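Undergrad: Structure below; questions to follow.
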Amino acid sequence: MRFAGQFTLIAGPCVIESEAATLAAARRVAEIAQKHGLPAVFKCSFDKANRTSGKSFRGPGLHEGLRVLAKVKQETGLPVLTDVHSADQCAPAAEVVDVLQIPAFLSRQTDLLLAAGTTGRAVNVKKGQFLAPEDMKNVVAKLAEVNCKDVLLTERGASFGYHNLVVDMRGLVTMRQYAPVCFDATHSVQRPGSQGNATGGDRTLAPPLARAAAAVGIDALFCEVHEDPDKALSDGPNSLTFEMWDRLVGEVLRIRSTLTG
């Protein structure tokens, strides 16, 4: 899986809720990506280890989650991406998935980065909410130590006071010096912990931020999408409906064509 040179969509629900729902979402991702003539990576996590509350739904776990993701690949032909949270998850996940994702809160964890990098799979690192864009140069250097060349760096907002994030589009320019860059439109509009025992967000702000990122220049667009975001078991407030995502992809492509045309 290589991100350099071809604009790529990364999309799917936050977490595996059930096999049927995950397969249905993957089919929608494949259908919409094909409509726009773009390659797509289906993203869905087997575990969400950093939920606000210990009682929140986390997912089916490593083994059952990888079984579902393998079925997604088999039935849709899409490459798949999932989060890994510890070094020992990297090798088994790499047997199934095409892209290992390092969550933002773990973006400086050296052992996790090295374990992911040694698998031979592509690695998408989300920039920590607490990091400056130029700090990601060291992340790329760690991955280079284990000869991991297919790296993607994702902007997902920076902490801005309590329960809020802000996106500085200049960071995309900085990080693109080190590796291809992705903009995570939906996590960027989260309001971490704002609901007391859960994270809030405002999905209506994701499209304008994505349009701005497209104008700055990105190699991939990351969006969490769900058939019914208000009923999603994780990240519902910031997830897009498939209809919203479809419109947004079209808008981003028009911006890109204007800039390169």
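To be explicit about the labels: the chains of the structure tokens are called A, B, and onward in the order shown, and within each one the residues are counted from 1, while ligands get numbers from 1 in the order they are shown.
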Excluding A:Asp168 and its own-chain neighbours fewer than 4 positions away, which residues fall within 12 Å of it when counting only C-alpha atoms? Please give them as an MDAnalysis selection string.
TA: chainID A and resid 129 131:133 155:160 172:175 183 188 209 212:213 216
Undergrad: Could you pull the residues within 10 Å of A:Lys73, counting only C-alpha atoms, minus those fewer than 4 positions along the same chain, as a list in words?
TA: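 That gives Leu23, Ala26, Phe42, Val68, Leu69, Gly77, Leu78, Pro79, Val80, Val96, Val97 and Asp98 of chain A.
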Undergrad: Go ahead and save the residues from that selection, with N, CA, C and O atoms, as a compact mmCIF listing (two decimals), in the first residue's frame.
TA:
# COMPACT_ATOMS: atom_id res chain seq x y z
N LEU A 23 -19.56 -5.07 7.21
CA LEU A 23 -19.59 -5.42 5.80
C LEU A 23 -20.46 -4.46 5.00
O LEU A 23 -20.10 -4.06 3.88
N ALA A 26 -18.52 -1.27 4.52
CA ALA A 26 -17.44 -1.44 3.56
C ALA A 26 -17.96 -1.43 2.13
O ALA A 26 -17.34 -0.86 1.23
N PHE A 42 -10.55 0.90 3.60
CA PHE A 42 -11.60 0.79 4.61
C PHE A 42 -10.99 0.78 5.99
O PHE A 42 -10.10 -0.01 6.28
N VAL A 68 -13.26 -10.35 11.07
CA VAL A 68 -14.22 -9.52 10.34
C VAL A 68 -13.52 -8.72 9.25
O VAL A 68 -14.02 -8.62 8.11
N LEU A 69 -12.37 -8.14 9.56
CA LEU A 69 -11.65 -7.35 8.56
C LEU A 69 -11.16 -8.22 7.40
O LEU A 69 -11.13 -7.78 6.25
N GLY A 77 -12.75 -6.47 -1.72
CA GLY A 77 -11.49 -6.19 -2.40
C GLY A 77 -10.78 -4.95 -1.90
O GLY A 77 -9.71 -4.59 -2.41
N LEU A 78 -11.35 -4.28 -0.89
CA LEU A 78 -10.73 -3.07 -0.37
C LEU A 78 -9.56 -3.42 0.55
O LEU A 78 -9.64 -4.36 1.34
N PRO A 79 -8.48 -2.65 0.48
CA PRO A 79 -7.47 -2.75 1.54
C PRO A 79 -8.08 -2.23 2.84
O PRO A 79 -9.02 -1.43 2.81
N VAL A 80 -7.56 -2.67 3.96
CA VAL A 80 -8.14 -2.28 5.24
C VAL A 80 -7.08 -1.69 6.18
O VAL A 80 -5.89 -1.99 6.07
N VAL A 96 -3.36 -9.53 8.39
CA VAL A 96 -4.66 -9.29 7.76
C VAL A 96 -4.74 -7.93 7.09
O VAL A 96 -5.16 -7.81 5.95
N VAL A 97 -4.35 -6.88 7.81
CA VAL A 97 -4.60 -5.53 7.32
C VAL A 97 -3.46 -5.02 6.46
O VAL A 97 -2.35 -5.54 6.49
N ASP A 98 -3.77 -3.97 5.71
CA ASP A 98 -2.80 -3.38 4.79
C ASP A 98 -2.12 -2.15 5.38
O ASP A 98 -1.02 -1.80 4.97
Undergrad: Would you list, as JSON, numbers by chain, the residues of stretch 26-253 of chain A that end up in strand (DSSP E or B) under DSSP run on this structure's backbone?
TA: {"A": [40, 41, 42, 43, 45, 80, 81, 82, 83, 99, 100, 101, 102, 122, 123, 124, 125, 126, 151, 152, 153, 154, 155, 158, 159, 165, 166, 181, 182, 183, 184, 190, 191, 200, 201, 220, 221, 222, 223, 224, 225, 240]}
Undergrad: For those residues, write C-alpha atoms to a file as a CSV table (one decimal), in the first residue's frame.
TA:
chain,number,residue,atom,x,y,z
A,40,ALA,CA,-10.1,3.7,-1.0
A,41,VAL,CA,-8.9,2.1,2.2
A,42,PHE,CA,-11.6,0.8,4.6
A,43,LYS,CA,-10.9,1.8,8.2
A,45,SER,CA,-10.9,-0.7,14.6
A,80,VAL,CA,-8.1,-2.3,5.2
A,81,LEU,CA,-6.7,-0.2,8.1
A,82,THR,CA,-7.0,-0.6,11.8
A,83,ASP,CA,-5.6,0.9,15.0
A,99,VAL,CA,-2.3,-0.3,7.0
A,100,LEU,CA,-1.4,-0.2,10.7
A,101,GLN,CA,-2.6,3.0,12.3
A,102,ILE,CA,-0.9,4.5,15.3
A,122,ALA,CA,2.1,0.8,5.5
A,123,VAL,CA,1.9,2.8,8.7
A,124,ASN,CA,-0.4,5.8,9.3
A,125,VAL,CA,0.6,7.9,12.3
A,126,LYS,CA,-1.9,10.4,13.6
A,151,VAL,CA,4.5,6.2,6.0
A,152,LEU,CA,1.4,8.5,6.1
A,153,LEU,CA,1.1,11.4,8.6
A,154,THR,CA,-2.3,12.5,9.6
A,155,GLU,CA,-3.5,15.8,11.0
A,158,ALA,CA,-4.4,20.1,18.3
A,159,SER,CA,-5.6,20.6,21.9
A,165,LEU,CA,-9.4,21.1,19.2
A,166,VAL,CA,-8.2,23.5,16.6
A,181,VAL,CA,-0.1,13.7,4.5
A,182,CYS,CA,-3.7,12.9,5.4
A,183,PHE,CA,-6.3,15.1,6.9
A,184,ASP,CA,-8.7,13.5,9.4
A,190,GLN,CA,-14.3,16.2,18.2
A,191,ARG,CA,-14.8,17.9,21.5
A,200,GLY,CA,-18.7,15.1,21.7
A,201,GLY,CA,-18.2,16.8,18.3
A,220,ALA,CA,-5.4,11.3,1.6
A,221,LEU,CA,-8.7,12.2,3.2
A,222,PHE,CA,-9.8,10.4,6.4
A,223,CYS,CA,-13.4,10.4,7.4
A,224,GLU,CA,-15.4,8.3,9.8
A,225,VAL,CA,-18.7,7.4,8.3
A,240,LEU,CA,-20.5,11.6,8.7
Undergrad: Between atom CA of A:Ala87 and atom CA of A:Glu17, what is the spacing in Å?
TA: 24.0 Å
Undergrad: Write out as a list of chain:residue names each polymer residue whose atoms come within 8 Å of A:Gly236, counting only C-alpha atoms; drop sequence neighbours fewer than 6 positions from it.
TA: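 The residues that qualify are A:His226, A:Pro229, A:Asp230.
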Undergrad: Any chance you can output those residues with N, CA and C atoms as a CSV table (one decimal), in the first residue's frame?
TA:
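The result, written out as selection_3.csv:
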chain,number,residue,atom,x,y,z
A,226,HIS,N,-20.8,6.5,9.0
A,226,HIS,CA,-21.7,5.5,9.7
A,226,HIS,C,-23.1,5.6,9.1
A,229,PRO,N,-25.1,7.9,12.3
A,229,PRO,CA,-24.1,8.3,13.3
A,229,PRO,C,-24.7,8.6,14.7
A,230,ASP,N,-25.9,9.0,14.8
A,230,ASP,CA,-26.5,9.2,16.1
A,230,ASP,C,-26.7,8.0,16.9
Undergrad: Of the residues A:Leu253, A:Cys14, A:Arg28, A:Met169, which is the one nearest to A:Ser239, using only C-alpha atoms?
TA: A:Cys14
Undergrad: Report the residues of stretch 70-162 of chain A whose backbone DSSP state falls under helix (DSSP H, G or I), written as an MDAnalysis selection string.
TA: chainID A and resid 70:76 87:94 104:106 110:117 133:145
